[in-house]
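Enquirer: Before anything else, here's the structure in question.
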Amino acid sequence: MKYPRALDDLLESFRKYPGVGKKTAERYALHTVTKFSEEEIDEIIGSFQRIKTEIFDCPICGNITDQNPCYICKDDSRDKSKIIVVEESKDIIVMEKMNSYHGLYHVLKGAISPSNGVGPEDINLSSLMERLKDDKIKEVILATNLSNEGETTALYIRRILEGSGIFVTRIAHGIPAGANIEYADEVTLSKALEGRREF
Amino acid sequence: MKVKNLNLSNFRLYETFKISFNDHINIIKGNNGQGKTTILESLYFLGLTKSHKTNNDKDVIKNNTQYAKINSLINFNKKDSQLSVVISKTGKKAKYNQIELSKLSEYIGILNVVMFAPEDIELIKGNPQLRRRFLDLEIGQISKKYLFNLQNYRKILKERNNLLKSMQQKQVKDFILLDIITDQLLGYLDDIVKTRKDFLNKIAKIAILKYQEISKSNDQLQIKYIPSIDKNYKTEFLSKYQYDIITGSTSYGIHKDDVEFYLNDKPAKAHCSQGEIRSIVLSIKLALIDFIKSIKGDFPILLLDDVLSELDEIRQNQLLKNININTQVFITTTNIKEINLAKINNYKIFEINNGQIKECIKDEPNL
């Protein structure tokens, strides 16, 4: 069957979300039409609009924020000698959950991938270079993903920081906590062995 | 490894197909176009998640249906396991004992397969791409690390070529990024070159003996790996940076490798007769069987597609003599009389007629 135009438009909007296919979009759209009151819809529209007016990227670190600078950059109790570099804002949320790092962050908003048309100038790299001019920063911790693109990005940053006197480190990879060695795949295991440390 | 039974749904001409196999030799006879090779193709697909005939997986899906399915009970390490592969228009999925594996690389190699088909003479005579495909398929079924390296190499090669193309248009060229992506590529390249070299060395050592047995001669078969590059990687790559930018492609690498075959120091491609070439390919396949056995501890299944009848009686007997009693073999033929059944014990014969299969009783006079 063919949906009315307005419903069809709504359905297409839902499909823009990651992980939402045709069926789920249909459910969401029909739920909106049949179950939501006008007040509820106004409320949703309101929150959507506030996203664009109230949320922006922190001019210092690039993390999403509703205050300038963001709560992490503003926090004077934080260790300003370390910066963790991540690909996306959501990576900061995970990092913060571990509750054991108390330094700063920098969000690249992507990773270098020529086949996707993303070069070094297309990610949030120049503002990182600006920040690193500050003498207080002693260590840059590269926490981009362990994919090929993430690795390219990390290697690129390491290269342009050569000779700057800043200590550059890369997060370790290997066996997950609590895992049995017998279940680790060969590739992970060989990475874990490469990255072994004195004990 | 033994394939105990096979169930196909919507695989090429078969809507549904069921068969239980013999542990040793299985002979499938029938006229051309009845679906003999399709059975071997499905067994090959079951092990390697690829067809030996096409690079387009969708080709195996029966017309006007959504997906093809191969289901089988195999015996490996004295244990029965259920294997299944589903091929749909959007991709393929593999299950091991009902559990879907997230990566095909975890599945490939559970069932090892060696196939010998008439078109395999192209391995010697055809273009280098076929020889690289041979290397990747055969090493891939015994080494997950190789598959991992290969997959990453291909991804990074794509990145590099895209970068080279984008650099063509730019006034200021970012050589740092090119350098980094080149280093990443070299990281995988080195491992792949070493693995290919090692694999071919081992195969060559066994194949030379197999060839002498099959041909009953002292002929010397040589297999040479011709890597596009195998030392001074970085300097060689560096010297081609400008050239690579102009062409927008990568000059060196495993995507340009080749393998050469020699018989008594003469290049097989130019000097060998059809029969000699067939014997070379056959010795390589027999060497593969021994090699896989030495690594996996069990024999792969052997698929012989319409090749037995193409060998003369001496070579045919040598081949059958070389097949271990513990190897499961699948042979297709149009003319059963061309197979010397007296030399085989423990066999079953199946007849295929227009997609219908039935087991033949051995005493039937018309065999």
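Letters A, B, ... mark the chains of the structure tokens in the order given; residue numbers begin at 1 per chain; ligand numbers begin at 1, in order shown.
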Just the residues within 12 Å of Leu185 in chain B, please, counting only C-alpha atoms, with nothing from its chain fewer than 4 positions along; format it as a ChimeraX atom specification.

Expert: /A:148,151-152 /B:149-161,178-181,189-192,233-234,237,250,252-255

Enquirer: Could the residues in this selection be saved with C-alpha atoms as an mmCIF file, in the first residue's frame?

Expert:
```
data_model
loop_
_atom_site.group_PDB
_atom_site.id
_atom_site.type_symbol
_atom_site.label_atom_id
_atom_site.label_comp_id
_atom_site.auth_asym_id
_atom_site.auth_seq_id
_atom_site.Cartn_x
_atom_site.Cartn_y
_atom_site.Cartn_z
ATOM 1 C CA ASN A 148 43.156 0.789 9.070
ATOM 2 C CA GLU A 151 45.863 3.576 12.297
ATOM 3 C CA THR A 152 46.590 5.843 9.303
ATOM 4 C CA ASN B 149 46.700 -9.737 5.881
ATOM 5 C CA LEU B 150 45.265 -10.055 2.395
ATOM 6 C CA GLN B 151 42.021 -8.339 3.329
ATOM 7 C CA ASN B 152 43.880 -5.433 4.921
ATOM 8 C CA TYR B 153 46.364 -5.210 2.070
ATOM 9 C CA ARG B 154 43.492 -4.825 -0.388
ATOM 10 C CA LYS B 155 41.828 -2.148 1.736
ATOM 11 C CA ILE B 156 45.026 -0.134 2.077
ATOM 12 C CA LEU B 157 45.888 -0.556 -1.594
ATOM 13 C CA LYS B 158 42.509 0.981 -2.382
ATOM 14 C CA GLU B 159 43.250 3.880 -0.018
ATOM 15 C CA ARG B 160 46.664 4.374 -1.585
ATOM 16 C CA ASN B 161 45.356 4.385 -5.150
ATOM 17 C CA LEU B 178 51.515 8.914 1.014
ATOM 18 C CA ASP B 179 54.509 7.804 3.018
ATOM 19 C CA ILE B 180 52.363 6.618 5.929
ATOM 20 C CA ILE B 181 49.920 4.696 3.770
ATOM 21 C CA LEU B 189 53.037 -6.925 2.015
ATOM 22 C CA ASP B 190 56.113 -8.316 3.731
ATOM 23 C CA ASP B 191 54.114 -10.975 5.547
ATOM 24 C CA ILE B 192 52.187 -11.995 2.441
ATOM 25 C CA TYR B 233 60.687 -2.384 -0.302
ATOM 26 C CA LYS B 234 60.810 1.184 0.885
ATOM 27 C CA PHE B 237 58.462 2.248 -3.540
ATOM 28 C CA THR B 250 50.617 1.333 -7.227
ATOM 29 C CA TYR B 252 54.787 -2.725 -6.962
ATOM 30 C CA GLY B 253 53.118 -5.197 -4.685
ATOM 31 C CA ILE B 254 51.593 -8.630 -4.290
ATOM 32 C CA HIS B 255 48.845 -7.626 -6.714
#
```

Enquirer: Where does DSSP see strand (DSSP E or B) in range 23-67 of chain A, if you list the residues as a PyMOL selection string?

Expert: chain A and resi 56-57+64-65

Enquirer: If we count only C-alpha atoms and set the cut-off at 10 Å, which residues sit around Glu88 in chain A, ignoring sequence neighbours fewer than 4 positions away in its own chain? Please answer as a list in words.

Expert: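 My list of contacting residues is Gly62, Asn63, Ile64, Ile92, Ile93, His106, Val107, Leu108, Lys109, Gly110, Ala111, Thr144 and Asn145 of chain A.
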
Enquirer: Using DSSP assignments from the backbone, pull out every residue in range 16-236 of chain B that falls under alpha helix (DSSP H) and give it to me as a ChimeraX atom specification.

Expert: /B:36-48,104-107,122-125,128-140,144-168,175-215,233-236

Enquirer: If you count only C-alpha atoms, which residues fall within 12 Å of range 178-195 of chain A, apart from same-chain ones fewer than 6 positions away, as JSON, numbers by chain?

Expert: {"A": [146, 170, 171, 172], "B": [103, 105, 106, 143, 144, 145, 146, 147, 148, 149, 152]}

Enquirer: Limited to N, CA and C atoms, could you put the picked residues into a file as a compact mmCIF listing (two decimals), in the first residue's frame?

Expert:
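Result went into again_21.txt, see below:
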```
# COMPACT_ATOMS: atom_id res chain seq x y z
N LEU A 146 41.26 1.09 16.08
CA LEU A 146 42.33 0.20 15.62
C LEU A 146 42.02 -0.38 14.23
N ARG A 170 50.37 5.50 21.91
CA ARG A 170 49.22 4.89 21.23
C ARG A 170 48.59 3.91 22.20
N ILE A 171 47.26 3.88 22.27
CA ILE A 171 46.62 2.92 23.16
C ILE A 171 47.00 1.49 22.76
N ALA A 172 47.07 0.59 23.74
CA ALA A 172 47.47 -0.80 23.47
C ALA A 172 46.30 -1.57 22.87
N LYS B 103 32.63 -13.70 10.91
CA LYS B 103 33.58 -13.50 9.82
C LYS B 103 33.72 -14.77 9.00
N SER B 105 36.24 -15.55 7.42
CA SER B 105 37.59 -16.07 7.61
C SER B 105 37.65 -17.08 8.75
N GLU B 106 36.67 -17.03 9.66
CA GLU B 106 36.64 -18.02 10.73
C GLU B 106 36.07 -19.35 10.24
N SER B 143 45.52 -20.75 6.39
CA SER B 143 46.04 -19.71 7.26
C SER B 143 45.08 -18.52 7.39
N LYS B 144 44.55 -18.36 8.59
CA LYS B 144 43.66 -17.23 8.85
C LYS B 144 44.43 -15.93 8.82
N LYS B 145 45.68 -16.01 9.26
CA LYS B 145 46.50 -14.80 9.28
C LYS B 145 46.71 -14.28 7.86
N TYR B 146 46.87 -15.21 6.93
CA TYR B 146 47.05 -14.81 5.53
C TYR B 146 45.80 -14.09 5.02
N LEU B 147 44.63 -14.65 5.34
CA LEU B 147 43.38 -14.02 4.91
C LEU B 147 43.25 -12.62 5.50
N PHE B 148 43.63 -12.50 6.77
CA PHE B 148 43.56 -11.20 7.45
C PHE B 148 44.50 -10.19 6.77
N ASN B 149 45.73 -10.63 6.53
CA ASN B 149 46.70 -9.74 5.88
C ASN B 149 46.24 -9.32 4.49
N ASN B 152 43.39 -6.76 4.56
CA ASN B 152 43.88 -5.43 4.92
C ASN B 152 44.74 -4.84 3.82
```

Enquirer: Could the residues of chain A that have an atom at most 10 Å from chain B be listed as JSON lines, each with its closest atom pair and the distance in Å to one decimal, counting only C-alpha atoms and ordered by chain and ascending residue number?

Expert:
```
{"residue": "A:Ile112", "atom": "CA", "partner": "B:Leu177", "partner_atom": "CA", "distance": 9.1}
{"residue": "A:Ser113", "atom": "CA", "partner": "B:Glu159", "partner_atom": "CA", "distance": 6.5}
{"residue": "A:Pro114", "atom": "CA", "partner": "B:Leu163", "partner_atom": "CA", "distance": 5.1}
{"residue": "A:Ser115", "atom": "CA", "partner": "B:Glu159", "partner_atom": "CA", "distance": 5.0}
{"residue": "A:Asn116", "atom": "CA", "partner": "B:Glu159", "partner_atom": "CA", "distance": 8.4}
{"residue": "A:Gly117", "atom": "CA", "partner": "B:Asn162", "partner_atom": "CA", "distance": 8.2}
{"residue": "A:Val118", "atom": "CA", "partner": "B:Leu163", "partner_atom": "CA", "distance": 9.6}
{"residue": "A:Gly119", "atom": "CA", "partner": "B:Leu163", "partner_atom": "CA", "distance": 8.5}
{"residue": "A:Pro120", "atom": "CA", "partner": "B:Leu177", "partner_atom": "CA", "distance": 8.0}
{"residue": "A:Ser147", "atom": "CA", "partner": "B:Asn152", "partner_atom": "CA", "distance": 9.5}
{"residue": "A:Asn148", "atom": "CA", "partner": "B:Ile156", "partner_atom": "CA", "distance": 7.3}
{"residue": "A:Glu149", "atom": "CA", "partner": "B:Ile156", "partner_atom": "CA", "distance": 8.8}
{"residue": "A:Glu151", "atom": "CA", "partner": "B:Gln184", "partner_atom": "CA", "distance": 8.6}
{"residue": "A:Thr152", "atom": "CA", "partner": "B:Ile181", "partner_atom": "CA", "distance": 6.6}
{"residue": "A:Thr153", "atom": "CA", "partner": "B:Leu177", "partner_atom": "CA", "distance": 9.0}
{"residue": "A:Ala154", "atom": "CA", "partner": "B:Ile180", "partner_atom": "CA", "distance": 9.8}
{"residue": "A:Leu155", "atom": "CA", "partner": "B:Ile180", "partner_atom": "CA", "distance": 6.6}
{"residue": "A:Tyr156", "atom": "CA", "partner": "B:Leu177", "partner_atom": "CA", "distance": 6.5}
{"residue": "A:Ile157", "atom": "CA", "partner": "B:Leu177", "partner_atom": "CA", "distance": 9.9}
{"residue": "A:Arg159", "atom": "CA", "partner": "B:Ile176", "partner_atom": "CA", "distance": 7.6}
{"residue": "A:Ile160", "atom": "CA", "partner": "B:Ile176", "partner_atom": "CA", "distance": 8.2}
{"residue": "A:Asp185", "atom": "CA", "partner": "B:Glu106", "partner_atom": "CA", "distance": 8.9}
{"residue": "A:Glu186", "atom": "CA", "partner": "B:Lys145", "partner_atom": "CA", "distance": 6.9}
{"residue": "A:Val187", "atom": "CA", "partner": "B:Lys145", "partner_atom": "CA", "distance": 6.4}
{"residue": "A:Ser190", "atom": "CA", "partner": "B:Lys145", "partner_atom": "CA", "distance": 9.6}
```

Enquirer: Pick the closest to Asn345 in chain B from B:Ile361, B:Lys231, B:Arg315, B:Ile325: which is it, counting only C-alpha atoms?

Expert: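 Closest residue, counting only C-alpha atoms: B:Ile325.
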
Enquirer: Tell me, as a list in words, which residues lie within 6 Å of range 329-340 of chain B, counting only C-alpha atoms; anything in the same chain fewer than 5 positions away does not count.

Expert: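 In the requested format, the answer is His24, Ile25, Asn26, Ile27, Ile28, Lys29, Gly30, Asn31, Ile301, Leu302, Leu303, Leu304, Asp305, Asp306 and Ser309 of chain B.
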
Enquirer: Set the distance at 10 Å and use only C-alpha atoms: which residues neighbour Glu26 in chain A once local chain neighbours fewer than 6 positions away are removed? I'd like the list as a list in words.

Expert: Tyr3, Leu7, Asp8, Leu10, Leu11, Glu12, Phe14, Arg15, Val20 and Thr32 of chain A

Enquirer: When distances are computed from only C-alpha atoms, which of B:Lys53, B:Lys4, B:Lys18, B:Arg132 shows the smallest separation from Ser81 in chain B?

Expert: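 Closest candidate: B:Lys4.
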
Enquirer: Residues at most 10 Å from Thr65 in chain A, counting only C-alpha atoms, excluding those fewer than 6 positions away in the same chain, as an NGL selection string?

Expert: :A and (54-59 or 71-72 or 89)

Enquirer: Which is closer to Ile70 in chain B than all the others in B:Tyr262, B:Tyr14, B:Phe175, B:Phe21, using only C-alpha atoms?

Expert: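 Nearest to Ile70 in chain B: B:Tyr14.
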
Enquirer: Hey, can you check how far CA of Asp258 in chain B sits from CA of Ala270 in chain B?

Expert: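 Computed distance, CA of Asp258 in chain B to CA of Ala270 in chain B, equals 15.9 Å.
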
Enquirer: From the set A:Leu132, A:Gly46, A:Lys138, A:Val94, which residue has the shortest atom-to-atom contact distance to Asp79 in chain A, counting only C-alpha atoms?

Expert: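 Selected residue with least distance to Asp79 in chain A: A:Lys138.
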